[in-house]
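Here is the structure we will look at.
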Amino acid sequence: MHDDDPVEIPKDNSENSGVSRREFLKISSLSVAVPLVAGPKTVMAAGEEVPVHGPGKVPMEFSINGKNYKTVLEPRVTLLDALRDEFELTGAKRVCDRAECGACTVLMDGKPVYACSVLAIEAQHKSIATVESLVGQGKLHPVQQAFVDNDASQCGFCTPGFVVACKAFLDTHPHPTPDDIRRGLSGNLCRCGTYAGIRQAIAQVAQKGA
């Protein structure tokens with residue numbers, strides 16, 4: 001039997017339809033695919049309708065380091081991937097990719113977050129600040145300068161996340177105690193073990209700001 005040979009499909013004991021095997025397979029595949037494409041645009045969650053995005057790319061808008069950005073991304077893309085791959089802001093680093101090390105720390109509405117654990121679509125219409133925003137007119141931010149002065153980095157891979165976390169910490173704790181510093185930076189890890197230098201850097205900035 002060839003693909004184009006007629007296939008007899010009985011229907012209520014009536015005459016044969018005359019649909020070819022190839023046409024029958026096409027119709028069957030379409031009938032299966034249509035429900036997947038025409039899925040619901042909203043779902044019910046906690047008694048409210050929540051919009052469904054994707055699975056394809058959708059338009060997104062961001063405010064990053066004082067600039068507005070527009071692009072199209074899949075809803076599954078993380079803020080870290082969007083920053084690095086879409087906007088070429090590579091200061092935030094991917095290390096653990098599971099919200100444990102803090103190397104990808106950025107500020108979202110002034111609060112430190114792990115960019116690897118935030119979906120880009122969730123970061124829309126919020127103020128995002130990366131380590132690139134801290135340098136002004138070619139001059140290092142006081143936290144960055146303190147890292148240099150106190151040799152607070154070795155390989156430097158975790159440094160951008162630490163600098164952002166330190167800035168956020170000092171914004172809320174301008175006069176920290178040693179215990180405050182240890183607790184405040186517990187969400188960032190340094191595999192080189194430069195914690196002593198980092199603590200000294202924070203103390204230096206706090207002292208100058210006093």
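So you can find residues: chains in the structure tokens are A, B, ... in the order shown, residues in each start at 1, and ligands are numbered from 1 in order.
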
Selection: 9 Å around Val113 (chain A), only C-alpha atoms, excl. self and same-chain fewer than 3 positions, as a ChimeraX atom specification: /A:99,102,104-108,116-118,165

Please produce an output containing all heavy atoms for each residue in the selection, written as a JSON list (two decimals), in the first residue's frame.
[["chain", "number", "residue", "atom", "x", "y", "z"],
["A", 99, "ALA", "N", 21.04, 30.51, 43.62],
["A", 99, "ALA", "CA", 20.75, 31.46, 44.69],
["A", 99, "ALA", "C", 21.44, 31.11, 46.00],
["A", 99, "ALA", "O", 20.82, 31.16, 47.06],
["A", 99, "ALA", "CB", 19.24, 31.59, 44.89],
["A", 102, "GLY", "N", 25.66, 34.43, 45.75],
["A", 102, "GLY", "CA", 25.55, 35.89, 45.74],
["A", 102, "GLY", "C", 26.37, 36.60, 44.69],
["A", 102, "GLY", "O", 26.39, 37.83, 44.65],
["A", 104, "CYS", "N", 25.78, 37.00, 41.69],
["A", 104, "CYS", "CA", 24.92, 37.68, 40.72],
["A", 104, "CYS", "C", 24.06, 38.74, 41.38],
["A", 104, "CYS", "O", 23.05, 39.18, 40.79],
["A", 104, "CYS", "CB", 24.03, 36.66, 40.00],
["A", 104, "CYS", "SG", 22.85, 35.81, 41.10],
["A", 105, "THR", "N", 24.42, 39.19, 42.57],
["A", 105, "THR", "CA", 23.59, 40.15, 43.30],
["A", 105, "THR", "C", 23.43, 41.47, 42.55],
["A", 105, "THR", "O", 24.40, 42.06, 42.09],
["A", 105, "THR", "CB", 24.19, 40.44, 44.69],
["A", 105, "THR", "OG1", 24.29, 39.21, 45.42],
["A", 105, "THR", "CG2", 23.32, 41.40, 45.48],
["A", 106, "VAL", "N", 22.19, 41.91, 42.43],
["A", 106, "VAL", "CA", 21.87, 43.23, 41.88],
["A", 106, "VAL", "C", 20.84, 43.87, 42.81],
["A", 106, "VAL", "O", 20.32, 43.20, 43.72],
["A", 106, "VAL", "CB", 21.31, 43.14, 40.44],
["A", 106, "VAL", "CG1", 22.31, 42.51, 39.50],
["A", 106, "VAL", "CG2", 19.98, 42.37, 40.43],
["A", 107, "LEU", "N", 20.56, 45.13, 42.60],
["A", 107, "LEU", "CA", 19.54, 45.82, 43.40],
["A", 107, "LEU", "C", 18.25, 45.92, 42.60],
["A", 107, "LEU", "O", 18.28, 46.32, 41.42],
["A", 107, "LEU", "CB", 20.03, 47.21, 43.81],
["A", 107, "LEU", "CG", 21.31, 47.28, 44.64],
["A", 107, "LEU", "CD1", 21.63, 48.73, 44.98],
["A", 107, "LEU", "CD2", 21.19, 46.45, 45.91],
["A", 108, "MET", "N", 17.15, 45.57, 43.22],
["A", 108, "MET", "CA", 15.85, 45.72, 42.60],
["A", 108, "MET", "C", 14.99, 46.56, 43.54],
["A", 108, "MET", "O", 14.68, 46.13, 44.65],
["A", 108, "MET", "CB", 15.21, 44.35, 42.33],
["A", 108, "MET", "CG", 13.93, 44.44, 41.52],
["A", 108, "MET", "SD", 13.46, 42.86, 40.73],
["A", 108, "MET", "CE", 13.08, 41.88, 42.19],
["A", 116, "CYS", "N", 19.97, 35.39, 39.44],
["A", 116, "CYS", "CA", 19.78, 34.06, 38.86],
["A", 116, "CYS", "C", 18.47, 33.43, 39.29],
["A", 116, "CYS", "O", 18.02, 32.44, 38.68],
["A", 116, "CYS", "CB", 20.94, 33.13, 39.22],
["A", 116, "CYS", "SG", 20.94, 32.56, 40.95],
["A", 117, "SER", "N", 17.84, 33.96, 40.33],
["A", 117, "SER", "CA", 16.60, 33.37, 40.85],
["A", 117, "SER", "C", 15.39, 34.26, 40.63],
["A", 117, "SER", "O", 14.32, 33.98, 41.15],
["A", 117, "SER", "CB", 16.75, 33.07, 42.34],
["A", 117, "SER", "OG", 16.91, 34.26, 43.09],
["A", 118, "VAL", "N", 15.56, 35.33, 39.85],
["A", 118, "VAL", "CA", 14.45, 36.23, 39.53],
["A", 118, "VAL", "C", 14.19, 36.13, 38.03],
["A", 118, "VAL", "O", 15.11, 36.26, 37.22],
["A", 118, "VAL", "CB", 14.79, 37.69, 39.90],
["A", 118, "VAL", "CG1", 13.67, 38.63, 39.45],
["A", 118, "VAL", "CG2", 15.03, 37.82, 41.39],
["A", 165, "ALA", "N", 26.17, 44.03, 47.32],
["A", 165, "ALA", "CA", 25.60, 43.65, 48.62],
["A", 165, "ALA", "C", 26.10, 44.57, 49.72],
["A", 165, "ALA", "O", 25.33, 44.96, 50.62],
["A", 165, "ALA", "CB", 25.95, 42.20, 48.94]]

If we count only C-alpha atoms, what is near Ile202 (chain A) at a cut-off of 9 Å, once residues fewer than 6 positions away on the same chain are taken out, given as a ChimeraX atom specification? /A:143,146-147,166-167,170,176,181

Keeping only N, CA, C and O atoms, write the selected residues as a short mmCIF file (atom, residue, chain, number, x, y, z; two decimals), in the first residue's frame.
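Listed below is the output, selection.cif:
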data_model
loop_
_atom_site.label_atom_id
_atom_site.label_comp_id
_atom_site.auth_asym_id
_atom_site.auth_seq_id
_atom_site.Cartn_x
_atom_site.Cartn_y
_atom_site.Cartn_z
N VAL A 143 32.68 52.10 48.07
CA VAL A 143 32.79 50.67 48.41
C VAL A 143 33.82 50.01 47.51
O VAL A 143 34.65 49.21 47.97
N ALA A 146 37.24 51.04 48.59
CA ALA A 146 37.62 50.37 49.84
C ALA A 146 38.04 48.93 49.59
O ALA A 146 38.95 48.42 50.27
N PHE A 147 37.43 48.26 48.63
CA PHE A 147 37.86 46.91 48.27
C PHE A 147 39.30 46.93 47.75
O PHE A 147 40.09 46.04 48.06
N CYS A 166 27.38 44.95 49.67
CA CYS A 166 27.94 45.86 50.68
C CYS A 166 27.30 47.23 50.59
O CYS A 166 27.01 47.86 51.61
N LYS A 167 27.09 47.71 49.38
CA LYS A 167 26.46 49.02 49.20
C LYS A 167 25.05 49.00 49.80
O LYS A 167 24.65 49.93 50.52
N LEU A 170 25.29 48.90 53.65
CA LEU A 170 25.67 50.17 54.26
C LEU A 170 24.56 51.22 54.13
O LEU A 170 24.48 52.13 54.95
N PRO A 176 27.67 50.00 61.18
CA PRO A 176 27.51 48.59 61.58
C PRO A 176 28.55 48.16 62.60
O PRO A 176 29.68 48.66 62.64
N ILE A 181 28.04 43.21 60.37
CA ILE A 181 28.69 42.96 59.08
C ILE A 181 28.65 41.47 58.75
O ILE A 181 28.34 41.08 57.62
#

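Rounded to one decimal, CA of Leu185 (chain A) and CA of Val131 (chain A) lie 16.3 Å from each other.
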
With only C-alpha atoms as the atoms that count, which of A:Pro160, A:Gly197, A:Gly47, A:Gly209 lies nearest to Leu89 (chain A)? A:Pro160

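Closest approach to Pro142 (chain A) from the set A:Lys126, A:Ala201, A:Ile121, A:Glu100 is made by A:Ala201, with distances taken over only C-alpha atoms.
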
Just list as a ChimeraX atom specification whatever in region 37-186 of chain A DSSP marks as helix (DSSP H, G or I). /A:37,79-86,115-117,120-123,131-134,142-149,159-172,178-184

DSSP on the backbone, then: every residue of region 16-209 of chain A marked strand (DSSP E), written as an MDAnalysis selection string. chainID A and resid 42:45 48:51 58:64 67:73 105:108 111:114 127:129

Find the residues around region 58-68 of chain A up to 12 Å (only C-alpha atoms counted), leave out those fewer than 4 positions away in its own chain, and share them as a VMD selection string. chain A and resid 52 to 54 72 to 77 79 82 to 83 86 to 89 106 to 110 119 to 136

Could you write out the selected residues, including C-alpha atoms, as a short mmCIF file (atom, residue, chain, number, x, y, z; two decimals), in the first residue's frame?
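File produced: again_17.cif:
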data_model
loop_
_atom_site.label_atom_id
_atom_site.label_comp_id
_atom_site.auth_asym_id
_atom_site.auth_seq_id
_atom_site.Cartn_x
_atom_site.Cartn_y
_atom_site.Cartn_z
CA VAL A 52 -0.41 33.25 31.25
CA HIS A 53 2.64 34.27 29.21
CA GLY A 54 4.50 32.25 26.63
CA VAL A 72 11.39 40.25 23.58
CA LEU A 73 12.22 37.26 25.78
CA GLU A 74 10.79 33.91 26.71
CA PRO A 75 9.07 34.06 30.12
CA ARG A 76 11.49 31.43 31.46
CA VAL A 77 14.55 33.72 31.00
CA LEU A 79 17.09 38.42 35.03
CA ALA A 82 18.75 39.00 30.32
CA LEU A 83 21.39 41.30 31.82
CA GLU A 86 20.56 40.62 26.03
CA PHE A 87 21.91 43.90 27.45
CA GLU A 88 25.63 43.03 27.72
CA LEU A 89 25.79 44.01 31.40
CA VAL A 106 21.87 43.23 41.88
CA LEU A 107 19.54 45.82 43.40
CA MET A 108 15.85 45.72 42.60
CA ASP A 109 13.98 48.73 43.94
CA GLY A 110 16.95 49.27 46.24
CA LEU A 119 12.61 35.86 36.23
CA ALA A 120 13.18 38.77 33.91
CA ILE A 121 9.44 39.13 33.40
CA GLU A 122 9.08 39.72 37.16
CA ALA A 123 11.66 42.51 37.10
CA GLN A 124 9.69 44.68 34.68
CA HIS A 125 8.70 48.18 35.82
CA LYS A 126 11.14 47.98 38.73
CA SER A 127 14.36 49.90 39.19
CA ILE A 128 17.30 47.56 38.56
CA ALA A 129 20.84 48.60 39.50
CA THR A 130 23.92 46.53 38.67
CA VAL A 131 27.53 46.99 39.69
CA GLU A 132 28.09 48.95 36.46
CA SER A 133 25.96 51.78 37.86
CA LEU A 134 28.31 52.42 40.79
CA VAL A 135 31.12 53.97 38.77
CA GLY A 136 30.45 57.65 38.11
#

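Our summary of the geometry notes that CA of Phe162 (chain A) is positioned 6.9 Å from CA of Ala103 (chain A).
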
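Going from CA of Cys101 (chain A) over to CA of Thr159 (chain A), you cover 11.2 Å.
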